[in-house]
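The block underneath contains the structure these notes are about, expressed in structure tokens.
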Amino acid sequence: MKRLLLFTPLILAVVLGVVLFAGIGKDPNKLESALIGKPVPEFLLTDLHNESRELTREVFEGHVSLLNVWGTWCPACRDEHGDLVWLAEEKGVRIVGLNYKDNRDDALVWLDRLGDPYQVSIYDPRGSLGFDLGVYGAPETYVIDAEGIVRYRHVGVVNEKVWKQDIKPIVDRFREKI
Amino acid sequence: MWRPVFAWLLLMTIAPMSVADARDVYGFDTQAQEQRFQTLISELRCPKCQNQNIADSNAPISKDMRDEVYRMMSDGASNEEIVGALVDRFGEFVRYKPEVDSRTILLWATPAIVVLGGLMVVAGIVIRSRRAGQDEPALTDEERARASRMLDGDDSSRT
Amino acid sequence: MYPELGQIALILALLLAVLLSVVPLVGSVTGRDQLLAFARPLSAGLFVFVALAFGLLTHAFVTDDFSVAYVANNSNSMLPWYYKFSAVWGGHEGSLLLWVLMLVGWTLAVAIFSRRLPSVMVSQVLSVLGMVTVGFLLFTIMTSNPFDRTLPNVPADGADLNPLLQDFGLIVHPPMLYMGYVGFSVAFAFAIAALINGKLDAAWARWSRPWTTVAWAFLSLGIALGSWWAYYELGWGGWWFWDPVENASLLPWLSGTALMHSLAVTEKRGVFKSWTVLLAIVTFALSLLGTFLVRSGVLTSVHAFASDPDRGTFLLALLAITIVSSLTLYAFRAPVVHVRSRYGSLSREIFLLMNNVLLVAATLLVLVGTLYPLVLDYLDMGRLSIGEPFFNLTFSPLGIAAGLLLGAGIFSRWKKTDGGWLGRKLLWPLAVSMIGTSAVLVGYGTFEPWAFGGLFSAMWITVATFWDLWEKSGSRKGRLHGLRRQSRSYYGMVFGHLGLAITMAGATVASNYGIERDVRMSPGDTAMVGDYRVAFAEIGNRRGQNFTAEYGRFEVYDSDGGLISTLYPEKRRYMVQRNTMTEAGIDGGLFRDIFVAIGERVSDDAWAIRLQYKPLVRWLWLGALFMAAGGFLAISDRRYRIRDKVAENGKAKAPNAGGERGADPVGAAS
């Protein structure tokens with residue numbers, strides 16, 4: 001019996017090894033959103049293109065959309081912008097843009113020059129909606145279903161691979177529910 | 001010649017200093033409140049940094065979080081409410097002190113488990129050693145006599 | 001050409017390491033003494049080639065050879081020469097080579113300083129060390145070669161050393177730390193050798209002890225240096241964050257402390273052998289685990305090296321092979337000893353066993369706390385963070401308990417201590433400690449329960465240690481004679497325990513009575529921190545060798561209005577990597593530090609200034625110095641320096657009777 005006890009450290013070490021092995025290659029910085037399954041927080045912000053037009057969470061109702069958080073100060077956002085335009089134009093995906101902590105004029109010039117994939121563009125200069133959403137670094141892209149509930153968040157650049165593997169399955173699943 | 005000028009200059013620089021105390025970056029009424037704020041921000045994690053609390057991190061999101069902590073403190077929220085509000089938005093990840101729930105009970109109980117387990121092992125050793133001590137063969141009368149003769153230096157005991 | 005020589009040197013070293021792993025071991029198991037004789041020369045050769053490789057890498061740095069990728073990534077022509085020298089270990093590949101250098105260095109040391117040991121034992125120890133070296137050399141050559149070239153695109157200049165590393169701390173902290181980490185491989189090797197040849201006894205414990213103690217002393221220094229460096233370099237006055245990499249260094253230290261004490265019992269009494277061997281294996285395993293955690297990217301840390309899944313996998317495989325094989329050997333070959341002698345419940349053996357329980361609890365606490373987020377993530381139970389508040393809350397009671405146990409245990413006797421006698425002995429120390437602690441607390445102001453616990457424990461250790469010293473040094477020939485009569489080993493213990501008390505006191509007071517303020521200041525403003533007034537005199541600019549800086553001149557006045565010092569904290573902008581760094585201005589003193597750092601600019605003429613009052617913070621590191629001094633003192637004890645001719649002759653005949661006759665008798669109690 002005592003001899004068996006001496007095997008305990010070995011067993012514990014093996015278990016630990018398995019856990020450590022599983023941890024290799026995972027990116028510890030990609031956090032899951034705390035809002036999955038919860039509705040988009042209430043907000044009252046203006047349209048990027050039209051200062052006098054007010055926008056609320058109603059912009060999400062009735063369609064499954066992507067919510068893309070971006071800013072002109074963010075170099076990775078520029079990298080993914082072409083893919084977003086492709087998604088909107090070629091794939092017919094509805095993308096709502098959230099211009100986060102930015103300058104309205106700079107943002108408009110940027111969209112003018114690089115293309116505008118957004119059906120609706122929200123202007124969030126102080127980042128209040130971003131904060132409530134739990135945005136911690138742009139670019140981030142959310143999948144919002146037709147009832148305005150957050151279903152998925154992708155941290156980082158969206159490209160064709162990310163779309164196919166991660167985002168499209170979610171979008172399809174909630175499109176069927178409409 | 002320069003000394004009085006120097007002294008005057010020094011006086012000019014010291015004088016305004018003694019009038020106003022610098023304002024806090026976040027204004028607090030009492031030392032206790034300031035301490036409470038410092039403790040709160042040292043227990044919240046910056047979501048995008050390489051393991052830093054929001055007190056020490058320069059990231060924009062950390063500043064936003066500090067601002068929110070301050071705002072809620074000024075509104076009279078309790079520590080649980082403040083931490084809860086941030087956890088609602090950013091997830092359990094930002095809490096450096098994990099909540100005690102079914103997932104973390106093993107974690108919190110680790111020291112107690114190990115110490116109690118160790119105590120039991122040690123107690124077991126002591127108890128078993130007592131029994132072992134009792135099993136030690138006692139000296140027979142003859143051996144005892146030999147021993148006392150040897151101790152008394154009796155030559156006849158040498159073999 | 002030289003980098004290629006370096007590569008060749010590493011490959012040759014690998015070959016020698018393979019030979020070292022196999023030849024002497026085969027010789028020891030088959031009884032062929034000629035094969036045993038290869039051990040020492042192979043160790044020497046191994047060291048020579050690794051040292052050569054290291055020297056060539058250093059040469060590449062010092063001569064700005066940017067055709068070597070590692071140099072290009074970690075150095076720059078504008079870097080001051082002393083940082084070029086320490087930049088060798090500023091990144092993953094170079095620090096790994098430093099690790100290997102330390103490993104072969106320790107191997108050589110064992111080869112040199114073990115003349116009195118039976119050659120079978122020495123050969124086996126060296127073989128095991130050779131095996132570990134094979135693993136690390138393979139890892140280096142196959143995944144982390146520091147000599148890879150950037151040809152044909154040689155950059156004009158290097159990417160510069162991370163500014164955080166351009167500091168004295170980099171010159172001393174990693175070498176000390178690695179001496180400790182790697183040093184535990186010797187205790188490990190002794191344990192494995194003993195398991196292989198079956199001679200696990202008090203003699204084995206006696207031989208392992210000095211190697212373990214030295215490694216422990218270096219590790220203590222290394223950790224303290226890291227803490228001190230973080231304190232003055234990172235700009236926010238913290239000295240321990242329970243960051244995974246920091247924990248990785250603390251784990252072998254805690255386990256190594258348990259090992260040191262357990263070896264003492266095994267040497268003196270011949271008991272708890274299985275446990276001691278397990279600790280020897282576990283301590284080194286924790287060193288390896290630390291190496292893995294720091295380089296694999298599995299955990300997030302400010303201190304981690306750049307991560308790479310391939311390297312992580314290789315390192316984990318290395319770790320797995322080493323640990324699984326040694327623990328399997330342990331499970332099959334460790335003696336299953338039945339308790340044969342009688343221990344009083346307050347005997348020294350039991351006190352030391354309890355010490356081990358607390359230290360193991362602390363080790364497991366830190367291990368579980370560090371790896372728990374990983375486990376939960378693996379089980380898809382969410383992403384949790386475990387940090388300072390958790391560890392402080394759970395570790396402190398263990399530390400306090402260990403201190404209380406220490407004080408009482410100092411008076412305990414082997415085999416049996418009378419409870420009443422012990423209790424009476426402890427009355428005076430108890431009274432003195434209570435009074436002393438209360439006095440200090442009153443001095444600092446408020447009564448904090450944790451502060452009381454920590455300080456009482458520290459005071460308890462100190463009083464008990466001096467009491468014991470007083471009692472032991474009583475002599476008819478006078479106190480001085482009595483003091484001189486004590487062995488260095490005893491004084492090593494005294495210093496070690498005092499060091500612990502000093503560190504505990506420092507940690508307790510700095511944490512509980514320190515003051516931190518973030519204050520908005522413009523030149524001309526003044527602010528209070530504790531009883532000290534800090535005045536922001538002026539803001540200016542200056543230029544360093546490879547950076548430009550904005551500095552502030554701060555004058556610190558004490559409560560009487562006298563000027564204590566002038567501090568120049570700065571915000572530096574390094575020209576190559578273009579990152580900004582905060583250098584704090586610190587007025588350091590034995591009893592308190594005043595800490596000033598410049599934060600963000602909040603308006604045209606105002607900055608967020610961080611002011612801190614840190615009482616007794618230097619005691620943290622002073623205590624570690626004491627502990628390390630204790631360790632070095634202990635190994636300079638007479639018993640390790642006796643050159644006994646009789647023993648040298650006797651060693652050839654008696655296979656394991658212990659290196660010398662006439663020293664303490666090997667415990668026959670079990």
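Simple scheme: letters A, B, ... for chains in structure tokens order, numbers from 1 for residues in each chain, numbers from 1 for ligands in the order shown.
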Residues of range 8-118 of chain A that have any atom at most 7 Å from an atom of range 127-136 of chain A: could you tabulate them with the shortest-distance atom pair and the distance in Å to one decimal, using only C-alpha atoms, ordered by chain and increasing number, as a tab-separated table?
```
residue	atom	partner	partner_atom	distance
A:Pro41	CA	A:Asp132	CA	6.6
A:Phe43	CA	A:Leu129	CA	6.5
A:Tyr100	CA	A:Gly127	CA	5.4
A:Lys101	CA	A:Gly127	CA	5.1
```
- [ ] Provide as a PyMOL selection string the residues of chain C at most 8 Å from chain B, counting only C-alpha atoms.
- [x] chain C and resi 236+243+300-302+339-345+350+353-354+357-358+360-362+364-365+368-369+372+381+383-390+394+398+516-521+524-528+535+608
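Minimum atom-to-atom distances from C:Val282, C:Ile196, C:Leu620, C:Met260 to chain A were compared using only C-alpha atoms, and the lowest value belongs to C:Val282.
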With 7 Å as the cut-off and only C-alpha atoms counted, what is the closest atom pair between each nearby residue of chain A and chain C? Distances in Å to one decimal, ordered by chain and number, as JSON lines.
```
{"residue": "A:Lys2", "atom": "CA", "partner": "C:Val336", "partner_atom": "CA", "distance": 6.8}
{"residue": "A:Arg3", "atom": "CA", "partner": "C:Val336", "partner_atom": "CA", "distance": 6.7}
{"residue": "A:Leu6", "atom": "CA", "partner": "C:Ala331", "partner_atom": "CA", "distance": 4.9}
{"residue": "A:Phe7", "atom": "CA", "partner": "C:Ala331", "partner_atom": "CA", "distance": 5.2}
{"residue": "A:Pro9", "atom": "CA", "partner": "C:Leu327", "partner_atom": "CA", "distance": 6.9}
{"residue": "A:Leu10", "atom": "CA", "partner": "C:Leu327", "partner_atom": "CA", "distance": 5.4}
{"residue": "A:Gly17", "atom": "CA", "partner": "C:Ala320", "partner_atom": "CA", "distance": 6.9}
{"residue": "A:Val19", "atom": "CA", "partner": "C:Val375", "partner_atom": "CA", "distance": 6.2}
{"residue": "A:Ala22", "atom": "CA", "partner": "C:Tyr378", "partner_atom": "CA", "distance": 6.8}
{"residue": "A:Gly23", "atom": "CA", "partner": "C:Val298", "partner_atom": "CA", "distance": 5.5}
{"residue": "A:Ile24", "atom": "CA", "partner": "C:Val298", "partner_atom": "CA", "distance": 5.5}
{"residue": "A:Gly25", "atom": "CA", "partner": "C:Pro309", "partner_atom": "CA", "distance": 5.1}
{"residue": "A:Pro28", "atom": "CA", "partner": "C:Thr300", "partner_atom": "CA", "distance": 6.5}
```
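Of note, CA of Val154 in chain C and CA of Phe139 in chain C are spaced 25.8 Å apart.
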- [ ] Please identify every residue of chain B that has at least one atom no more than 9 Å from any atom of chain A, counting only C-alpha atoms, and report them as a PyMOL selection string.
- [x] chain B and resi 46-50+60-62+64-65+86-93
- [ ] From the DSSP assignment of the backbone, select every residue of range 93-158 of chain A that is strand (DSSP E), and format the answer as number ranges by chain.
- [x] A: 95-100, 118-124, 140-144, 150-155
Output for the residues just chosen: C-alpha atoms as an mmCIF file, in the first residue's frame:
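Wrote it out as part_0.cif, contents follow:
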```cif
data_model
loop_
_atom_site.group_PDB
_atom_site.id
_atom_site.type_symbol
_atom_site.label_atom_id
_atom_site.label_comp_id
_atom_site.auth_asym_id
_atom_site.auth_seq_id
_atom_site.Cartn_x
_atom_site.Cartn_y
_atom_site.Cartn_z
ATOM 1 C CA ILE A 95 -22.237 45.600 -40.616
ATOM 2 C CA VAL A 96 -22.863 48.302 -38.057
ATOM 3 C CA GLY A 97 -19.786 50.428 -37.449
ATOM 4 C CA LEU A 98 -18.859 51.810 -34.048
ATOM 5 C CA ASN A 99 -16.386 54.642 -34.440
ATOM 6 C CA TYR A 100 -14.617 54.427 -31.062
ATOM 7 C CA TYR A 118 -21.258 50.039 -42.702
ATOM 8 C CA GLN A 119 -25.041 50.147 -43.092
ATOM 9 C CA VAL A 120 -25.133 52.277 -39.999
ATOM 10 C CA SER A 121 -22.254 54.121 -38.373
ATOM 11 C CA ILE A 122 -22.381 55.029 -34.697
ATOM 12 C CA TYR A 123 -20.176 57.839 -33.443
ATOM 13 C CA ASP A 124 -18.812 57.142 -29.945
ATOM 14 C CA GLU A 140 -13.226 44.029 -32.257
ATOM 15 C CA THR A 141 -16.189 42.547 -34.081
ATOM 16 C CA TYR A 142 -19.402 41.352 -32.464
ATOM 17 C CA VAL A 143 -22.218 39.226 -33.844
ATOM 18 C CA ILE A 144 -25.582 40.639 -32.764
ATOM 19 C CA VAL A 150 -24.717 39.670 -28.305
ATOM 20 C CA ARG A 151 -23.838 36.237 -29.584
ATOM 21 C CA TYR A 152 -20.107 36.320 -30.263
ATOM 22 C CA ARG A 153 -17.071 38.576 -30.076
ATOM 23 C CA HIS A 154 -13.923 38.363 -32.117
ATOM 24 C CA VAL A 155 -10.901 40.279 -30.870
#
```
- [ ] Identify, on the basis of only C-alpha atoms, every residue whose closest approach to Ser249 in chain C does not exceed 12 Å; exclude the query and any residue fewer than 3 positions from it along the same chain; express the result as a ChimeraX atom specification.
- [x] /C:173-174,176-182,216,218-227,240,242-246,252-256,283-294,303,363,366-367,370
Open item on the list: Just the number, please: distance in Å from CA of Ala458 in chain C to CA of Thr276 in chain C, one decimal.
Closed with: 27.2 Å
Task: Length of the CA of Leu315 in chain C to CA of Arg149 in chain C vector [Å] - done: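 Straight-line distance from CA of Leu315 in chain C to CA of Arg149 in chain C works out to 23.0 Å.
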Open item on the list: I need the residue nearest Phe188 in chain C from this list: C:Arg479, C:Phe305, C:Thr322, C:Gly407. Use only C-alpha atoms for the distance.
Closed with: C:Thr322
TODO: May I have all residues of range 20-138 of chain B that DSSP, computed from the backbone, assigns to helix (DSSP H, G or I), given as an MDAnalysis selection string?
DONE: chainID B and resid 31:42 60:74 79:90 92:94 105:135
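With distances restricted to only C-alpha atoms, A:Val64 is the closest residue to Arg175 in chain A from A:Leu16, A:Val93, A:Val64, A:Cys77.
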TODO: Would you kindly return, as a PyMOL selection string, each protein, DNA or RNA residue with an atom no farther than 8 Å from any atom of range 498-502 of chain C, considering only C-alpha atoms and excluding same-chain residues fewer than 5 positions away?
DONE: chain C and resi 403+457-459+461-462+465+619-620+622-627
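Closest approach to Ala88 in chain A among A:Pro139, A:Lys26, A:Trp163, A:Asp102 is made by A:Trp163 (distances from only C-alpha atoms).
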Task: Surrounding residues of Ser28 in chain C excluding itself and chain neighbours under 2 positions, 12 Å, only C-alpha atoms, as a list in words - done: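 Listed by chain and then number, they are Ser21, Val22, Val23, Pro24, Leu25, Val26, Thr30, Gly31, Arg32, Asp33, Gln34, Leu35, Leu36, Ala37, Phe38, Ala39, Pro118, Ser119, Val120, Met121, Val122, Ser123, Gln124, Val125, Leu126, Ser127, Ala193, Ile196 and Asn197 of chain C.
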